[in-house]
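Have a look at the structure below before the remarks.
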Amino acid sequence: MNYESKPNFLWELMTWPEVKAYLQQMDTVILPCGAIEQHGPHLPVDIDYFDAKYLAHQVALACADPKPLVLPAIPFGVSYHHEDFRGTISVTNDALSRFVYDIGMSLAKNGVKKIIILNGHGDNAPTLSYAAQMINRDAHIFVCVDTGETSDVDLYNLIETPNDIHAGEIETSTTLAIRPQMVQMDKAVDGTLSFGSKYLDYDSDRGVSWYVRTSKISESGILGNPTKATAEKGKIMWEHMIQHLVKFVETIKNTPLEDLYQSRY
Ligand SMILES: [Zn+2]
């Protein structure tokens, strides 16, 4: 993001009359949500927060005018499973869902009709879905959560590592592509996982949800294989993620709320 000019889609940089005027022509906002947690010995703890924020900005930039409004990113998430590694800061599921619910209800009072939550951290997903459901229940507006579903298939097709879910081939590639100075490749180690059942595989179509403390299955904190990461793969991954989300956001933006769910509201 270039901070010398004032991007016209960042909520926090607007005056209140500007927000009011913008909301007359645009009813869709993007809320990025991340985490501050260990990402192995080779990546900084901000990956999920930075990437969610970066993705939201890139998607808004690539959207047609009027662009969706982008909210300040939520830095902290549900990361208790990484607590055995220093640098991890975790909030409870209750605190995060309550926080997101309050933001959503406040957005609805502002006149926002559609909220797209861009989630950079897999383990926030159930909590954010719960908050989205409660905002929908109480404010009757559209709320959705994308935790990479719009591009997961394309990303897994680009990599060789199974169960590459944390600080591995994907996240190291995406960081090499946009912030190579943040990657200490000499400290990257192979943390490829294999489980006793295909139903436990994280990237399986038939996988079940299950929970484990990271230190039980990884000494380095890596779940995947960062040694296979390249900036080239990372660039293609960002292209997929941005393209698919732009397409999705444009559809949400351009569909009146009453039509989004077959006029159910
Ligand atoms: Zn991550």
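Chain labels run A, B, ... following the order of the structure tokens; each chain numbers its residues from 1, and ligands are numbered from 1 in the order shown.
Residues of protein, DNA or RNA having any atom at most 7 Å from ligand 1, counting only C-alpha atoms and all ligand atoms, are His39, Ile47, Asp48, Gly120, His121, His166, Ala167 and Glu171 of chain A.
Residue neighbourhood of Leu23 in chain A, excluding near-sequence residues (fewer than 3 positions): Phe9, Trp11, Met14, Trp16, Pro17, Glu18, Val19, Lys20, Met26, Asp27, Thr28, Val29, Pro66, Lys67, Pro68, Leu69, Leu107, Ala108, Lys109, Asn110, Gly111, Val112, Lys113, Lys114 and Lys253 of chain A, at 12 Å, using only C-alpha atoms.
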- Task: Skip Gly122 in chain A itself and residues of its chain fewer than 6 positions away, then list as a PyMOL selection string all residues within 9 Å of it, counting only C-alpha atoms.
- Result: chain A and resi 147-148+165
Could the residues in this selection be written to a file with N, CA and C atoms, as a PDB file, in the first residue's frame?
ATOM      1  N   THR A 147     -12.213 -18.258   4.126  1.00  0.00           N
ATOM      2  CA  THR A 147     -10.937 -18.638   4.731  1.00  0.00           C
ATOM      3  C   THR A 147     -10.078 -19.294   3.647  1.00  0.00           C
ATOM      4  N   GLY A 148     -10.161 -18.754   2.444  1.00  0.00           N
ATOM      5  CA  GLY A 148      -9.373 -19.303   1.345  1.00  0.00           C
ATOM      6  C   GLY A 148     -10.149 -20.262   0.464  1.00  0.00           C
ATOM      7  N   ILE A 165      -0.316 -26.713   5.733  1.00  0.00           N
ATOM      8  CA  ILE A 165      -1.308 -25.761   6.252  1.00  0.00           C
ATOM      9  C   ILE A 165      -0.734 -24.626   7.076  1.00  0.00           C
TER      10      ILE A 165
END
- Message: To test your reading of the structure, identify every residue in range 17-158 of chain A that backbone DSSP assigns to helix (DSSP H, G or I), and report it as an MDAnalysis selection string.
- Response: chainID A and resid 17:25 47:62 80:82 93:110 122:139 152:158
- A:Gly207, A:Gly40, A:Gly191, A:Gly234 ranked by distance to Leu176 in chain A, top pick (using only C-alpha atoms): A:Gly234
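For the pair CA of Ile236 in chain A and CA of Leu155 in chain A, the separation is 8.6 Å.
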